[in-house]
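Below you'll find the structure, written out as structure tokens, and then a few comments.
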Amino acid sequence: MRSPLRDKLARTLAAFGLALAAVLPAASVQAKDLLTLRVGTVEALDSLNPFNTALNVGYEVFTLNYDLLVNFGPNNEPVPGFADTWTQSADQLSWTFHIRDGMKWSDGVPATSADVVYTYNLELDGTKNDGVVGLGYLDPYLKDAFVTGVTAPDPSTVVITSSRPTSKLTHSYIPIVPQHIWKNVTPANISDFENKVPVVGTGPYQAVESTSQYVRLVRNASYWGKQGAADEIVIQYYPSAPDTMVAAFKNNELDYIHNPSPESFNQLKTAKNTVALASEGDGFTQLNYNTYTKGGGASTTALQDPAFRQALGYAIDKPTLIQKVLLSYGSPGTTQVPPWEKNWHVDPTDVRAFNIDKANQMLDAAGYPRGSDGTRIDKQGKPLNLRLYTPNTDASYPKDAQFIQGWFGQVGIKVSAQVLDEGTLVTDEALDSTKPIKTQLNYDMVIWGWVGDPDPNALLQILLTSSIGSTSDSQWSNPQYDQLYDQQNQAATDAERKTYMTQMQQILYDQAPYDILYYDNNLDAYHTDKFAGWQNQPVEGGAPFFQDGSINYTLLTDATKATPAPSTAANAEPSTGSSSGPAASVAPAPAPTDTASTGSPLLLVLGIVAIAVLLVGFLMITRRRRVSAAEDDE
Amino acid sequence: MTAPAVPEQSVRNERLRLRLQSIRSFARRFASRPDGVIGVIVLLVFTVLAIAPEVFVGPLQTATSASGPSLSPPTAANLLGSDELGRDILNLTIHGTRISMVIGLLATIVTIFLGALVGIVSGYVGGRVDTVLMRITDFFLVLPTFVLALILAPIILDIVGADSEFFGIRVTLLVIVVVIGVTSWASTARIIRSQALSVKELAFVGRARVIGSGPRHIMWRHILPNVMNLIVANTVLVFGGSILTETTLSFIGLGDPFAPSWGQVLNAAESAGAMGLGAWWYVVPPSVCIVLVVLAFTLVGSALDDVLNPRLRIRR
Amino acid sequence: MGSRYLIRKVVGACLTIFMIVILNFVLFRMMPGSPDRILLRNPNVTADAMAAARIRWGLDKPLIPDQLVDYLEATASGDLGFSFKFHGEAVTDVLSGRLWPTVILFGVGEVLAIFLGLALGAYSGWKRGGPIDYIGNGLSLILYSMPYFVIGILILGVFAVGLHWFPTSGMLTIGGGDGTFTSQLLDFFGHLALPVTTVAIGLIGQYSILMRSSVIETLGEDYVTTARGKGLTSSRILRSHALPNALLPAVTLIAINLGYVIGGAITVEVVFNWPGLGTLTVTALEARDYPVLQGIFLLLSVSVVLANLVADLIYGRLDPRVRS
């Protein structure tokens, strides 16, 4: 009578066995003796393909997998990467790079100049007719350097020519990828190329396993540089659970965490065996105004008036924002080039300090009188009720919005704040020239942020007139600013470049299409009892990881061993390629081959368990049947 | 048709008397259920808090008006501690009552309205209409409502526009109301349809039809009053469920950070890392409120159910 | 089993699945922000590149019939498209990696909850009015009123953060060598313990309440009185009458509640960073990764429909009245 239920139970149990077998990785007899560095971050890796990632964690992973032609050093200076030496020609229009002799990809194939030519040509071909390569984030490194050609006279020499003198080639973020693996990848199909594990590169660690929860990288035994102490690196993602990430760190399940909440970070500062580092970041959080002058959905023309925007600037108490929202982990914002970019940042003159009275006076003077209810009216006689949107990506934005709402209220401007999802907001902010303007740009103010590159171009070009439709979230247009951008980009020397850049920063500050609220700190914490040898980048005021390049991963040592591992080999000239690591090196490439044989004991045990459970169930059921039979007899 | 005035008057009086009597007996029977009475008391307390939170804790604290230190444990000044911006948790929780209850109330109204409408029409009209309506109902019944809600929320926000307000309620909150309503009316419709089916067969409905009453009139005057008991009991249960759904949606991040409901407070606690910091005072008050209110609704609901529909037990 | 009943149910389920497929298409075309937006807010993307991407995704074609036909064809052949967030990865691959963890978490949680809930409910109903009944029923009601994530946060706070008894998050300790089979299994169960407890606690309430009322009902039936008169012990009556009678509604409850349970699942997985469909839903939602969301919705809806179908069929087989 009840047999279907019982069958179902049996089937369910069998399904569990199968399910368990599906989630457990192939078991082996090998004991857990690898030294693993576990890193937690709130971002989830979007792609192993360096050309398809838009995230910090993506850059971290690809600089572990691959070398750049010239790597970033402890202070972001050029240090040997895929090339070990380089010279610029006398006419400054060509660079010659020498590729390290005897270097091999992690699968054993020799790494030569042909790989550089392949990679750079991929970029050059892809960007030829205003195209993009993948997501396009790596395109400016050759485009802005005016590169015209890449040649390989011999396997260890690469010559790169450019139409203008450039210093940007030694700061290029383009990873050199193996031609023998990537040979069928073209700019047309690169967006679909996943770059599956095991990744083959020349970097210090190679990704061998990648899921939507973590990526696992093992040490590259044939790496030319210093071998890091960690046998493997696991980067785990906590995109919707920052609290859980901190809990895991405290529980020693993670050795390093990047960007916990400021509140958690505060507490970690006093934790045992823990270093909590707040470091200056290469980015900012801004309040941007919709200044578009040719129609669109802004609720008032006042936003197009620089005097109005400047006046609002006096109604923002940046020190309080930083203290309350960031718990003081940040510095007041001024220009679009963060102080982190030391060589390029210039403090503007006439800095606006918080002063409600002054803001009120300026608004009166600019022609925005208060109406009968105390709300100011714009020049068309419309009460100023501004919409302030923030994306749902960061818990600090709504807090900023609450403060701004309060302060703007004090100068007679109503603010209705709203959190929108990132996708909606980004579509809202980007002008689509193929659609009627009437229905677009439905926002007044937005609080959001940007993160830059070591090169300031990335942050300078956000507000170019030509960026309207892509990055310009203020729809601001200033011909002088556009011209200065081109001039600085074509400048032959850094000094000349900086004079143009100084003007650009002052213009943006004065015109205030952006009010840069603050430069957020990066918050990092790590345990010191498992690994030692932590280095910061930049050495002064930086943090170990999530900076530029992967050099700090190789400098770690095993903290449990008395003497810091093979430090003698550390700085030796990496001529032969492999220096001996502290523990047995793990070959990355041929990892999961024997799944079938190692997986079988697991299935066997699960089968036994399932049979045992079924047996017990059967016994119970037959017993019950006997009982009910007995009852029927009675 | 002419009817003498006096008898009609007396009929009306008689009806009134009967109704009063039934209310009295209902009250007596309900009062004999201590769990239901406790539930009603709890709900009354929260209703008072929802109507006038300012009386108890002053106006809603915002980032600029916050007075306390960041993440302070309970002190004399902040009886239930403070959040990371220094806002008083007691203040947020009490003000959250209004938002949670209002969302719950509106969502319940939408749910019950849709459910009762579909249920009565389907049950009374029958035939092809019934088949189609029940097909749709079954469809909504099997949809994973929560996932559907997650998907619907941004769509509705896009359609109505993010910055509009209806009757002083922020549209982001209304989105949650609509989402809950759209995804949870189906079971109500099912229950009411079955009752409507049996009421339809009763003699007086047939008589009404014979004297030429239209279907709309019959559904409104005869069917509705007779399924009212079911609607009332169901309303209470749906109310509790709506508050739970709102809480969960807000926790996932689909709420409105500028209008702190209980779920929103818990979401803020999560992103500030409250549990990892041991800031229990940030998590416990809104959680206790949620449990109390939902529990109260469940108690009242089951008591009402027993009293009003002794033979018809609703299982959710 | 009556074949007409069977056919009607199966046809109904197929119809529902078809409606879900259509709804899936409509819903996701209505969602704000089109797929090409991932190229926005990117300084290097030109108008030409945008146009090329739109063509690649088939967004340049008219919605009906071209896009609808493409979609139906693809869905029928098991192709759910490509994830926006995990660039280029097939949605089916993304989903299949996340399916088993959810199945295990909720399978084990459900089984635990059913056993404990039914036991608690049966005992409460049997000893109606006793202290165990008051405590048990009260507890069930409180658990029933608690959102899953609140239970999860509390459990996480106490047993992982406070006492360090269990790992806080994830499903396995990643890396550190493959380990022996036993160490892996122990590691897995260690990670499973807290989330599965949360799921079980969240579900116990409703099963217990259901079982209690069923037992009380059964104990009032005539044949039980007869059985008692024959001198059968209460425990036998319970086992042979009340339990089977309550199991049936429990099965349907599982099927009907599957949709609700999945909602709770999402939050439990988020709290414990469990790598299942729940965390995937939230990640996909935050990134507005529509193809993945679409896939999740389809997968979950179809499984709920199938679960309901199975429950209907079991019911129909057990209770002949249903068939007429």
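As shown in the structure tokens, the chain order sets the letters A, B, ...; within each chain, residues go from 1, and ligands are also counted from 1 in the order they appear.
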Any idea which chain C residues end up within 9 Å of chain B if we count only C-alpha atoms, as a ChimeraX atom specification please? /C:12,16-17,19-20,27-28,30-32,141-150,153-154,156-157,161-162,206,210,253,256-264,266-267,270-271,281-282,285-286,293,296-297,300-302,304-305,308
Set the cut-off to 8 Å and count only C-alpha atoms: what are the residues of chain A that reach chain B? Output as an mmCIF file with N, CA and C atoms, in the first residue's frame.
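Final output, saved to result.cif:
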```
data_model
loop_
_atom_site.group_PDB
_atom_site.id
_atom_site.type_symbol
_atom_site.label_atom_id
_atom_site.label_comp_id
_atom_site.auth_asym_id
_atom_site.auth_seq_id
_atom_site.Cartn_x
_atom_site.Cartn_y
_atom_site.Cartn_z
ATOM 1 N N ALA A 241 28.270 38.473 1.212
ATOM 2 C CA ALA A 241 28.369 38.193 2.638
ATOM 3 C C ALA A 241 29.690 38.680 3.228
ATOM 4 N N PRO A 242 29.885 40.008 3.268
ATOM 5 C CA PRO A 242 31.131 40.528 3.828
ATOM 6 C C PRO A 242 31.301 40.134 5.301
ATOM 7 N N ASP A 243 30.174 40.029 5.990
ATOM 8 C CA ASP A 243 30.220 39.662 7.398
ATOM 9 C C ASP A 243 30.778 38.250 7.558
ATOM 10 N N THR A 244 30.338 37.358 6.684
ATOM 11 C CA THR A 244 30.811 35.983 6.728
ATOM 12 C C THR A 244 32.309 35.920 6.434
ATOM 13 N N VAL A 246 34.570 38.139 7.206
ATOM 14 C CA VAL A 246 35.296 38.532 8.411
ATOM 15 C C VAL A 246 35.253 37.410 9.444
ATOM 16 N N ALA A 247 34.073 36.778 9.566
ATOM 17 C CA ALA A 247 33.968 35.672 10.508
ATOM 18 C C ALA A 247 34.935 34.550 10.141
ATOM 19 N N SER A 261 34.126 45.441 6.004
ATOM 20 C CA SER A 261 33.471 46.703 6.362
ATOM 21 C C SER A 261 34.363 47.466 7.328
ATOM 22 N N PRO A 262 34.317 48.810 7.319
ATOM 23 C CA PRO A 262 35.177 49.591 8.226
ATOM 24 C C PRO A 262 34.960 49.203 9.683
ATOM 25 N N GLU A 263 33.701 48.859 10.024
ATOM 26 C CA GLU A 263 33.408 48.507 11.413
ATOM 27 C C GLU A 263 34.168 47.237 11.810
ATOM 28 N N SER A 264 34.129 46.228 10.941
ATOM 29 C CA SER A 264 34.847 44.985 11.247
ATOM 30 C C SER A 264 36.344 45.247 11.279
ATOM 31 N N GLN A 267 37.738 46.510 14.471
ATOM 32 C CA GLN A 267 37.883 45.511 15.518
ATOM 33 C C GLN A 267 39.103 44.631 15.275
ATOM 34 N N LYS A 324 32.161 59.545 9.743
ATOM 35 C CA LYS A 324 30.968 58.758 10.074
ATOM 36 C C LYS A 324 30.786 57.547 9.154
ATOM 37 N N VAL A 325 30.981 57.749 7.875
ATOM 38 C CA VAL A 325 30.693 56.666 6.933
ATOM 39 C C VAL A 325 31.887 55.728 6.804
ATOM 40 N N ARG A 387 16.762 64.607 -7.394
ATOM 41 C CA ARG A 387 16.794 63.154 -7.165
ATOM 42 C C ARG A 387 18.242 62.710 -7.020
ATOM 43 N N ASN A 392 23.434 49.914 -5.885
ATOM 44 C CA ASN A 392 23.281 48.991 -4.750
ATOM 45 C C ASN A 392 24.563 48.206 -4.474
ATOM 46 N N ALA A 395 27.565 49.551 0.661
ATOM 47 C CA ALA A 395 26.737 49.985 1.782
ATOM 48 C C ALA A 395 27.012 51.428 2.169
ATOM 49 N N PRO A 398 24.428 54.716 0.379
ATOM 50 C CA PRO A 398 23.200 55.244 0.980
ATOM 51 C C PRO A 398 23.469 56.085 2.226
ATOM 52 N N LYS A 399 24.542 55.765 2.932
ATOM 53 C CA LYS A 399 24.862 56.572 4.110
ATOM 54 C C LYS A 399 25.307 57.970 3.683
ATOM 55 N N GLN A 402 22.329 59.992 2.806
ATOM 56 C CA GLN A 402 21.566 60.539 3.932
ATOM 57 C C GLN A 402 22.174 61.835 4.436
ATOM 58 N N PHE A 403 23.491 61.875 4.508
ATOM 59 C CA PHE A 403 24.147 63.100 4.974
ATOM 60 C C PHE A 403 23.899 64.240 3.986
ATOM 61 N N GLY A 406 20.592 65.720 4.248
ATOM 62 C CA GLY A 406 20.471 66.610 5.401
ATOM 63 C C GLY A 406 21.090 67.976 5.129
ATOM 64 N N SER A 416 15.477 63.878 -2.804
ATOM 65 C CA SER A 416 14.869 62.561 -2.566
ATOM 66 C C SER A 416 15.859 61.496 -3.018
ATOM 67 N N ALA A 417 16.230 60.663 -2.077
ATOM 68 C CA ALA A 417 17.296 59.695 -2.331
ATOM 69 C C ALA A 417 16.705 58.332 -2.642
ATOM 70 N N GLN A 418 17.429 57.576 -3.439
ATOM 71 C CA GLN A 418 16.924 56.295 -3.902
ATOM 72 C C GLN A 418 18.095 55.379 -4.246
ATOM 73 N N VAL A 419 17.975 54.124 -3.857
ATOM 74 C CA VAL A 419 18.987 53.156 -4.277
ATOM 75 C C VAL A 419 18.484 52.443 -5.521
ATOM 76 N N LEU A 420 19.295 52.412 -6.555
ATOM 77 C CA LEU A 420 18.913 51.707 -7.780
ATOM 78 C C LEU A 420 19.913 50.599 -8.024
ATOM 79 N N ASP A 421 19.461 49.582 -8.774
ATOM 80 C CA ASP A 421 20.444 48.553 -9.052
ATOM 81 C C ASP A 421 21.405 49.064 -10.110
#
```
Find the residue from A:Gln310, A:Ser47, A:Thr291, A:Thr274 that sits nearest to chain C; use only C-alpha atoms when measuring.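 Of A:Gln310, A:Ser47, A:Thr291, A:Thr274, the one nearest chain C, counting only C-alpha atoms, is A:Ser47.
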So that I can see what lies close to Arg128 of chain C, please list as a list of chain:residue names the residues with an atom at most 10 Å from it, counting only C-alpha atoms and leaving out residues fewer than 3 positions away in the same chain.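 Using only C-alpha atoms, the neighbours found are C:Ala122, C:Tyr123, C:Ser124, C:Gly125, C:Pro131, C:Ile132, C:Asp133, C:Tyr134, C:Asn137, C:Arg212, C:Ser213, C:Val215, C:Ile216.
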Write out the residues from the selection above, keeping N, CA and C atoms, as a PDB file, in the first residue's frame.
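So part35.pdb came out as:
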```pdb
ATOM      1  N   ALA C 122       3.946  14.331  16.700  1.00  0.00           N
ATOM      2  CA  ALA C 122       3.215  13.146  17.128  1.00  0.00           C
ATOM      3  C   ALA C 122       3.171  13.083  18.658  1.00  0.00           C
ATOM      4  N   TYR C 123       4.318  13.348  19.255  1.00  0.00           N
ATOM      5  CA  TYR C 123       4.372  13.271  20.714  1.00  0.00           C
ATOM      6  C   TYR C 123       3.476  14.340  21.337  1.00  0.00           C
ATOM      7  N   SER C 124       3.567  15.577  20.776  1.00  0.00           N
ATOM      8  CA  SER C 124       2.748  16.672  21.302  1.00  0.00           C
ATOM      9  C   SER C 124       1.274  16.321  21.209  1.00  0.00           C
ATOM     10  N   GLY C 125       0.868  15.797  20.051  1.00  0.00           N
ATOM     11  CA  GLY C 125      -0.537  15.500  19.851  1.00  0.00           C
ATOM     12  C   GLY C 125      -1.010  14.370  20.740  1.00  0.00           C
ATOM     13  N   PRO C 131       2.896  19.098  29.425  1.00  0.00           N
ATOM     14  CA  PRO C 131       3.964  20.107  29.353  1.00  0.00           C
ATOM     15  C   PRO C 131       4.752  20.037  28.044  1.00  0.00           C
ATOM     16  N   ILE C 132       5.015  18.780  27.570  1.00  0.00           N
ATOM     17  CA  ILE C 132       5.762  18.643  26.314  1.00  0.00           C
ATOM     18  C   ILE C 132       4.980  19.277  25.176  1.00  0.00           C
ATOM     19  N   ASP C 133       3.676  19.093  25.196  1.00  0.00           N
ATOM     20  CA  ASP C 133       2.833  19.654  24.149  1.00  0.00           C
ATOM     21  C   ASP C 133       2.938  21.175  24.134  1.00  0.00           C
ATOM     22  N   TYR C 134       2.831  21.769  25.322  1.00  0.00           N
ATOM     23  CA  TYR C 134       2.899  23.228  25.399  1.00  0.00           C
ATOM     24  C   TYR C 134       4.238  23.730  24.875  1.00  0.00           C
ATOM     25  N   ASN C 137       4.707  22.654  21.050  1.00  0.00           N
ATOM     26  CA  ASN C 137       3.867  23.402  20.134  1.00  0.00           C
ATOM     27  C   ASN C 137       4.280  24.870  20.109  1.00  0.00           C
ATOM     28  N   ARG C 212       0.867  17.259  14.651  1.00  0.00           N
ATOM     29  CA  ARG C 212       0.112  17.341  15.898  1.00  0.00           C
ATOM     30  C   ARG C 212      -1.384  17.342  15.611  1.00  0.00           C
ATOM     31  N   SER C 213      -1.810  18.206  14.679  1.00  0.00           N
ATOM     32  CA  SER C 213      -3.252  18.277  14.432  1.00  0.00           C
ATOM     33  C   SER C 213      -3.760  16.968  13.823  1.00  0.00           C
ATOM     34  N   VAL C 215      -2.583  13.974  14.393  1.00  0.00           N
ATOM     35  CA  VAL C 215      -2.687  12.972  15.462  1.00  0.00           C
ATOM     36  C   VAL C 215      -3.922  13.218  16.303  1.00  0.00           C
ATOM     37  N   ILE C 216      -4.158  14.488  16.628  1.00  0.00           N
ATOM     38  CA  ILE C 216      -5.320  14.801  17.456  1.00  0.00           C
ATOM     39  C   ILE C 216      -6.607  14.382  16.746  1.00  0.00           C
TER      40      ILE C 216
END
```
Check the smallest atom-to-atom distance from each of A:Ser328, A:Gln547, A:Ser299, A:Ser470 to chain C using only C-alpha atoms, then report the winner.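 Among the listed residues, the smallest separation from chain C belongs to A:Ser470.
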Non-local contacts of segment 170-174 of chain C (9 Å; only C-alpha atoms; under 5 positions in same chain excluded) as a PyMOL selection string: (chain A and resi 23-24+36+38+213-214+216+234+236+253) or (chain C and resi 101+184+187-192+272-275)
Selection near Val150 of chain A, 12 Å with only C-alpha atoms, sequence-local residues under 5 positions removed, as an MDAnalysis selection string: chainID A and resid 94:97 113:125 142 157:162 169
Excluding Ser261 of chain B and any residue of its chain fewer than 2 positions from it, enumerate the residues within 8 Å of it, using only C-alpha atoms, and give them as a PyMOL selection string. chain B and resi 93+95-100+247+250+259+263-265
May I have all residues of segment 148-243 of chain A that DSSP, computed from the backbone, assigns to helix (DSSP H, G or I), given as a compact mmCIF listing (two decimals) with N, CA and C atoms, in the first residue's frame?
```txt
# COMPACT_ATOMS: atom_id res chain seq x y z
N LYS A 168 55.15 55.20 -21.86
CA LYS A 168 54.11 54.38 -21.26
C LYS A 168 54.33 52.89 -21.41
N LEU A 169 55.28 52.49 -22.28
CA LEU A 169 55.42 51.05 -22.55
C LEU A 169 55.98 50.28 -21.37
N THR A 170 56.64 50.96 -20.45
CA THR A 170 57.15 50.24 -19.29
C THR A 170 56.14 50.26 -18.14
N HIS A 171 54.95 50.80 -18.39
CA HIS A 171 53.86 50.76 -17.39
C HIS A 171 52.64 50.07 -17.97
N GLN A 179 51.28 32.10 -27.15
CA GLN A 179 50.73 31.98 -28.49
C GLN A 179 50.27 30.56 -28.80
N HIS A 180 51.04 29.58 -28.27
CA HIS A 180 50.69 28.21 -28.63
C HIS A 180 49.35 27.76 -28.04
N ILE A 181 48.91 28.43 -27.00
CA ILE A 181 47.59 28.11 -26.43
C ILE A 181 46.52 29.01 -27.04
N TRP A 182 46.88 30.27 -27.26
CA TRP A 182 45.90 31.27 -27.68
C TRP A 182 45.82 31.41 -29.20
N ILE A 190 37.50 36.93 -28.94
CA ILE A 190 38.15 36.91 -27.62
C ILE A 190 37.13 37.01 -26.49
N SER A 191 35.98 37.64 -26.76
CA SER A 191 34.97 37.78 -25.70
C SER A 191 34.42 36.43 -25.27
N ASP A 192 34.49 35.45 -26.17
CA ASP A 192 33.98 34.12 -25.84
C ASP A 192 35.06 33.17 -25.34
N PRO A 242 29.88 40.01 3.27
CA PRO A 242 31.13 40.53 3.83
C PRO A 242 31.30 40.13 5.30
N ASP A 243 30.17 40.03 5.99
CA ASP A 243 30.22 39.66 7.40
C ASP A 243 30.78 38.25 7.56
```
Hey, can you check how far atom CA of Pro204 of chain A sits from atom CA of Leu68 of chain A? 12.0 Å
